[in-house]
Structure formats: structure tokens, C-alpha cells
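Notes to accompany the following structure.
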Amino acid sequence: MRLLLLLYLITMYACSPDPVADKIKHVQSVTEQVSDQALINASGATGDWITHGLNYYEDRYSELAQINHENVDSLGLAWTLELGTRRGIEATPLVVDGIMFLTGPWSIVYAVDARTGELIWKYNPEVPGRFGPNACCDVVNRGAALYEGDVFAGTIDGRLLSIDAGTGDLNWEIYTVDTTKYYTITGAPRVVKGKVIIGNGGAEYGVRGYVSAYDAKSGILDWRFYTVPGDPAEPFENAAMEKAASTWNGEWWKYGGGGTAWDAMAYDPDLDLLYVGTGNGSPWNRQYRSPDGGDNLYLCSILALDPDDGSLKWHYQTTPGETWDYTSTQHILLADIEIKGEQRKVLMQAPKNGFFYVLDRESGELLSADPYVYVNWASHVDIETGRPVENDFSRYENVNAWISPNYFGGHNWQPMAYSPETGLVYIPAMSNSHLYGTNPNWEYGKTGFSVSTGWNTGTGFDPSKSIKQDSLAPQESKGMLMAWDPVEGEMKWSVAHAYRWNAGVMATAGGLVFQGNAEGKFAAFRSENGEKVWEASVGSGVIASPVTYLVDGKQYLSIAVGWGGASGQSSKVTETVYPGIIYTFTIGGTASPPEYPEIPPKVLISGNITVDQDSISIGQGLYSQNCGRCHGAVGGGGGALPDLAYSSDRIHENFKYITEGSFESLGMPSFKNKLTSEEIHLIQQYIFNVAKELQDKS
Ligand code: CA
């Protein structure tokens with residue numbers, strides 16, 4: 001009997017196909033096609049989306065036009081996939097031959113059948129929750145890279161993963177950072193000539209930025225380029241660091257220096273140059289970082305590196321001596337365009353500082369820099385010197401000053417797109433301002449906004465100094481989709497959004513620009529004039545960029561929806577924030593919308609107030625120092641993370657345990673040894689008081 005069963009099993013195994021093994025083989029064989037040559041040839045014309053920005057130019061312009069401005073109103077749902085995550089999703093999916101790869105919150109990687117939306121595999125790198133607060137701006141991840149059958153992704157705790165694209169098994173993983181420091185990885189790796197290029201973040205927390213290249217097969221470190229100099233008592237790593245050190249003074253290395261390369265990269269295969277954008281100073285305030293001034297190279301710069309050895313070929317610093325968190329980590333986009341009758345190879349960027357830069361990407365020469373939003377920190381950029389001309393109040397040294405843009409920037413990480421048809425760059429832009437001042441009592445690691453969670457900028461308000469107003473500076477922060485003419489240096493059209501924090505952009509040959517927004521809508525606009533021609537509801541606010549691709553000759557459109565990120569973790573526009581979902585659309589799609597989980601109605605917490613008003617205001621100060629950055633304003637915040645005015649009785653009954661680390665696996669840090677139980681009590685009293693006031697008002 002046993003023998004018969006064995007014979008039966010052998011026959012079954014030998015004769016019938018194994019669908020799992022077949023699927024693994026299929027995914028392996030399609031992803032093995034992602035070679036150096038395939039990456040060089042990547043474009044929307046191939047019907048795939050195999051690298052972060054669609055191609056090495058990162059233009060996010062698809063040549064697919066089956067979906068176009070004439071039939072876009074017949075777009076319908078093809079499928080949706082619930083990811084079961086509850087934090088921000090900033091990732092651009094990759095698609096090759098009907099297989100999609102996506103990263104989600106906590107650096108989880110997914111492989112999905114793009115025909116059906118079926119999950120093929122999921123790889124969870126099990127990032128310990130205690131690393132969550134190291135991320136300034138939510139536990140997000142902006143995407144993966146593909147190369148010769150493997151998937152690469154960074155993690156919140158600073159690892160670089162190589163995963164077998166077919167099986168979803170780990171090939172190798174390597175820590176790219178010193179985990180005792182506040183480093184994180186949220187950016188997508190890029191693969192150039194068999195090397196996986198990855199940066200990191202953490203410039204709000206006192207780290208020294210760098211970008212690294214690892215061998216794609218072995219995971220061995222090939223080269224590393226630091227973006228700011230270290231302790232000058234130690235030997236400099238290279239000539240670029242020695243040069244950079246002459247633009248710093250004081251003891252900057254003790255505060256890390258910053259300059260983290262946490263997002264933008266692009267590659268020109270003809271020039272063989274890798275472009276990397278660098279971040280803000282650590283701390284933000286230059287008066288503390290480099291007290292006698294200086295440009296502080298290579299903060300807030302665009303670096304052109306040799307991808308073979310990481311050596312610096314040229315740099316352009318958008319914000320010399322930065323002191324406002326004006327990162328140049330924003331999307332770097334390459335294009336070949338005609339300027340003044342001459343065909344130029346350009347690099348374009350709309351960094352946080354509000355100027356739109358066009359550089360010659362071979363030499364780094366500045367061709368133009370025009371303000372794309374209201375800017376008052378500099379009157380203009382001098383084309384001859386390539387330097388901004390600052391206003392006397394801009395550095396808030398002798399005054400507290402309203403400065404535009406603010407630390408969210410005129411544009412943040414949300415990707416732009418460039419259409420060669422219209423010649424326009426589409427920018428998810430923001431108008432805003434902030435009252436910058438110096439924290440007069442700053443002491444490294446001891447004082448400052450949210451310092452108990454590591455955040456340490458040296459900025460604040462100096463009550464001994466006056467306030468410099470600017471009636472033109474936007475008081476309310478607003479978002480918009482903007483079409484920018486990089487040749488004329490002017491805006492062609494813009495569409496206003498209800499809220500500042502919206503999604504990344506994609507343009508197509510169908511004459512369309514696609515963008516999601518904070519109101520839970522995903523929409524298409526005519527690329528020539530901004531007319532809205534289609535809109536779908538997707539439940540929660542959107543921050544990620546969409547992609548488009550062909551499957552079996554049919555064009556699809558996918559967007560990963562998961563509200564969160566820098567602004568979205570602590571505030572929202574939609575009433576409810578649902579768990580992450582991938583939405584995929586096609587012409588004539590008839591799939592049913594996802595079934596959203598039922599969310600219990602919001603109920604204000606009520607608790608006994610046992611302290612006087614003065615103590616409540618101390619509680620308010622402690623709240624904003626320790627809790628506000630993630631949870632937002634009590635009674636008016638709560639995005640990806642809860643608004644504590646509406647927490648359940650159970651949460652508030654266990655408040656002490658939660659603040660001492662019982663929710664650490666969710667990313668809620670322990671404040672043990674940072675806050676006394678009396679201070680925690682005062683924070684809670686403040687929350688109760690706000691809830692009571694809201695109750696009285698209603
Ligand atoms: Ca920053």
C-alpha cells in the first residue's frame with residue numbers, strides 16, 4: 001500500500017507541472033533580463049518600468065499612449081491589492097514583463113503578479129521597532145532596484161538587501177551604517193555597471209552623510225564617498241574631503257555635519273557620470289555647526305561621481321553654508337534640450353530652496369536658476385558666480401525671520417516628470433514659510449525640538465530678538481501641481497491642491513500627467529494646460545508616484561496608496577486613513593473597489609484633570625518637544641499615526657507603560673530615562689485638557 005502511494009506520488013510529481021516552481025522560474029527568467037544594457041535602454045517604449053525613475057535619466061516620462069487624453073475617462077479598476085500596512089507608502093513600483101516589485105513601510109519588499117494583483121512573495125526584513133524613531137519622516141521606503149534576477153532594497157535600520165527575485169529568499173544583506181548612530185535608509189538603490197548604489201538619511205540627528213557602492217553579486221563594498229569632511233585630526237579620505245574641510249570651521253565633526261544623500265540619483269551612460277543629491281547640515285543652524293561661516297561643502301549639492309571608483313568629478317552647491325534644511329536631495333532629472341539654439345545635455349532639479357536649476361551635466365556649469373515658488377532667503381542666483389545673493393535677515397542671526405520656503409521646501413522628495421513633447425517639467429510643488437530663529441540655549445544632544453527622540457537642529461526662537469515679518473511670505477502652506485518651462489524659466493500652468501503634502505508625478509505620451517493628492521484622489525491632467533480629465537477615489541491620501549506598463553500588450557497604470565511621510569504622519573485631510581493598497585487601472589477595467597476595513601468612530605478621550613493651568617502649559621511644552629513631531633497637534637493632528645485626543649481609554653490607562661516602551665515594536669520609542677513619570681503625567685493632563693476643550697466647544 002505504502003509502495004503504491006509512493007509510486008503514485010512519484011508519477012504525479014513527474015507528470016504534472018508544479019505551478020510554484022514554474023512561477024519561480026518565470027520570475028527569475030524575466031528579471032534576469034534586467035542587465036546593464038537593459039538599464040541603459042530602459043524607457044517607457046519597452047512597456048516595462050525597470051528602474052526607479054523609469055530610466056537612467058529618471059524622467060518618468062512613458063512613451064505608452066494606449067491610455068490617452070481622449071479615452072482616459074474610461075479608465076476602470078483592473079485589480080487592487082491590500083498590503084496590510086499602516087504607515088506611509090512612498091515607493092515607485094518596478095515592473096518587468098508582468099511582474100511588479102514594490103517596497104512598503106518598515107522596508108518590506110513585495111513581488112506581485114501585475115496581471116492579477118496576486119501576491120507572489122513578501123520579504124519582511126524584520127526591522128526592530130526601536131529604529132522607527134530614527135526616521136525623521138515616517139518608516140517609509142521609496143523603492144527597490146532590479147538587476148540580473150535579484151531585487152535590492154534598503155532598510156530603516158541601514159541594511160542593504162539582495163533578494164532572489166524568483167523565490168523571495170535573501171541572497172545577502174549587509175549593514176551599510178553604524179547602527180549606534182541615527183542612520184536610516186528610505187531611498188531606492190540604483191544599479192550602475194554591476195554596482196548597487198545606496199545612500200542614507202539622518203541629518204536631523206547628527207550623522208555624517210555618504211553614498212556607497214556594493215558589488216551586486218557579492219555584496220562587498222566597492223567604494224564609499226563621504227559628502228562632508230570628518231575630524232581633520234584624522235587623515236582625509238580623499239582630495240575632495242581635504243578641499244571640503246577648508247570650507248568648515250569649529251568642531252562640526254562632533255555634530256556629524258550632515259549632507260546625507262537620502263534620495264536623488266541619476267546616471268548618464270555616455271558621460272559615465274553618476275549624479276547624487278546631498279542633504280542639509282547637521283545641525284541645521286550654521287552658527288552652531290560652523291560658527292565662523294563657510295560654504296560647508298558638500299552640503300546641499302549635486303555631485304557628479306565616477307561610478308567606477310566614487311571619485312568626485314564636479315559639484316554644484318545650490319545652498320552654500322545652508323542653515324534652513326534646504327536639501328538638494330530632491331529628484332535629479334536629466335534631459336537633452338535646446339537652450340538658446342544650442343542642444344544641451346542638462347541636469348535639472350527643484351530643490352527645497354525654491355530655485356529651479358538647469359546645469360550642464362558634463363561640466364556642472366550653471367545655465368539658469370529661477371524661483372519656482374515664493375523665495376525670500378535670496379533675492380536671486382548670480383549666473384556668473386553661480387551663487388545665491390542672500391538677504392540680510394536670511395540667516396536669522398540677529399533676528400527671528402519669516403523665511404520662504406520652509407524646511408518642507410518648495411518641493412520635497414515627491415518625484416517630478418519631464419515630457420519631451422511639451423518641454424515642461426511637472427513639479428509637485430509647495431508654497432510655505434517658517435519663522436526661523438536661533439535656539440539661544442542650544443547644547444548638542446541636550447536641548448532643542450524633539451531632542452529626546454534624537455532630533456537636534458539648533459533652531460528655535462530667540463525671545464531676545466525681534467521678528468522680521470514678510471507680508472508676501474505664504475502664511476498657509478499649500479500644495480500644487482506645477483508645469484515649469486525649464487528653457488524660459490517660468491511657470492506655464494498650475495493646479496492648486498487643498499493641502500500641502502501631495503503625491504509624485506508621472507507624464508505620458510498620451511498627453512497626460514498623473515498625480516495623487518492628500519484628499520484621497522488620483523487624477524489625470526492634460527500635460528499641455530493642466531485641465532483635469534479624470535479622477536478616481538482611492539480612500540486615503542496619496543504620496544507615491546504612479547507607474548505605467550504593458551502586460552500582454554495592454555497598458556496598465558498602478559499607484560501604491562498609503563498616507564504618511566514627513567507631513568502625513570502627523571496630519572491628514574481625509575477623515576480616515578486606510579491600510580496600504582496598490583490600485584491598478586486599465587481602459588474598461590471592471591474590478592470592484594477594495595473593501596475598506598471598518599474604522600470605529602472617533603471619540604474624544606475624557607480623563608481627570610488634577611493639575612492647575614500652569615502645569616498644563618508645561619505639559620503642552622513637553623508634548624511638543626517629545627510627541628508632536630510624529631503625532632501632530634492634539635485634537636487636530638493624527639495622520640498615519642494616531643491623534644492622542646482620540647485614543648481609547650485603554651491607551652490612556654496604560655499611558656505610562658506605552659511611553660516606557662510597550663509599543664516599541666510599532667515604532668513608538670521608549671521615553672524611560674528621558675521623561676520622568678511626573679512629566680509623562682503632565683503630557684497626559686495636557687491631552688485631557690485639549691480633549692475637554694474640544695468637547696465643550698462641540
Ligand atoms: Ca532634512
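Just so we're on the same page: first chain in the C-alpha cells is A, next is B, and so on; residues restart at 1 for each chain, and ligands are numbered from 1 in the order they show up.
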Cut-off 7 Å: closest chain A/ligand 1 atom pairs per residue, using only C-alpha atoms and all ligand atoms, as JSON lines:
{"residue": "A:Ala203", "atom": "CA", "partner": "ligand 1", "partner_atom_place_in_ligand_line": "1 (Ca)", "distance": 5.9}
{"residue": "A:Glu204", "atom": "CA", "partner": "ligand 1", "partner_atom_place_in_ligand_line": "1 (Ca)", "distance": 5.8}
{"residue": "A:Gly279", "atom": "CA", "partner": "ligand 1", "partner_atom_place_in_ligand_line": "1 (Ca)", "distance": 6.4}
{"residue": "A:Asn280", "atom": "CA", "partner": "ligand 1", "partner_atom_place_in_ligand_line": "1 (Ca)", "distance": 5.5}
{"residue": "A:Asp325", "atom": "CA", "partner": "ligand 1", "partner_atom_place_in_ligand_line": "1 (Ca)", "distance": 5.1}
{"residue": "A:Thr327", "atom": "CA", "partner": "ligand 1", "partner_atom_place_in_ligand_line": "1 (Ca)", "distance": 6.3}
Sel. of strand (DSSP E or B) residues, stretch 430-628 of chain A, as a PyMOL selection string: chain A and resi 430-431+434-436+438+459+467-468+478-485+490-496+505-508+512-516+521-526+532-537+547-551+554-561+581-587
Nearby residues (only C-alpha atoms) at most 6 Å from A:Phe522, same-chain spacing under 3 positions excluded, as a list in words: Gln515, Gly516, Glu535 and Ala536 of chain A
Contacts of A:Tyr499 within 9 Å, only C-alpha atoms, excl. fewer than 6 positions in-chain, as a PyMOL selection string: chain A and resi 477-480+517-519+572-573
Close residues, A:Val389 itself excluded, 7 Å, only C-alpha atoms, min 6 positions apart in chain, as a list in words: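 Final neighbour list, sorted by chain and number: Ala378, Ser379, His380, Val381 and Asp382 of chain A.
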For C-alpha atoms, I'd like the residues from the last selection saved as a PDB file, in the first residue's frame.
ATOM      1  CA  ALA A 378      17.880  85.004  -1.551  1.00  0.00           C
ATOM      2  CA  SER A 379      16.971  87.772  -3.986  1.00  0.00           C
ATOM      3  CA  HIS A 380      18.313  85.772  -6.951  1.00  0.00           C
ATOM      4  CA  VAL A 381      21.104  83.461  -8.061  1.00  0.00           C
ATOM      5  CA  ASP A 382      24.025  85.215  -9.761  1.00  0.00           C
TER       6      ASP A 382
END
Proximity check stretch 73-143 of chain A to stretch 653-667 of chain A, 6 Å, nearest pairs one decimal Å, only C-alpha atoms, as a tab-separated table:
residue	atom	partner	partner_atom	distance
A:Gly129	CA	A:Ser665	CA	4.1
A:Arg130	CA	A:Glu664	CA	5.7
A:Gly132	CA	A:Gly667	CA	4.6
Option closest in space to A:Arg190, from A:Tyr57, A:Arg208, A:Leu303, A:Thr278 [counting only C-alpha atoms]: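 Using only C-alpha atoms, A:Arg190 sits closest to A:Tyr57.
Atom pair atom CA of A:Lys465 / atom CA of A:Val399: separated by 5.3 Å.
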Minimum-distance residue to A:Asp649, chosen among A:Thr457, A:Ser698, A:Ser615, A:Ser606 (using only C-alpha atoms):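 The closest residue to A:Asp649 is A:Ser606.
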For atom CA of A:Ser466 and atom CA of A:Thr438, the interatomic separation in Å (one decimal):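 Computing the Euclidean distance for atom CA of A:Ser466 and atom CA of A:Thr438 yields 11.8 Å.
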Among the residues A:Ser571, A:Ser431, A:Ser471, A:Gln287, the one that comes closest to A:Tyr396 [using only C-alpha atoms]: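 Among the listed residues, A:Gln287 lies closest to A:Tyr396.
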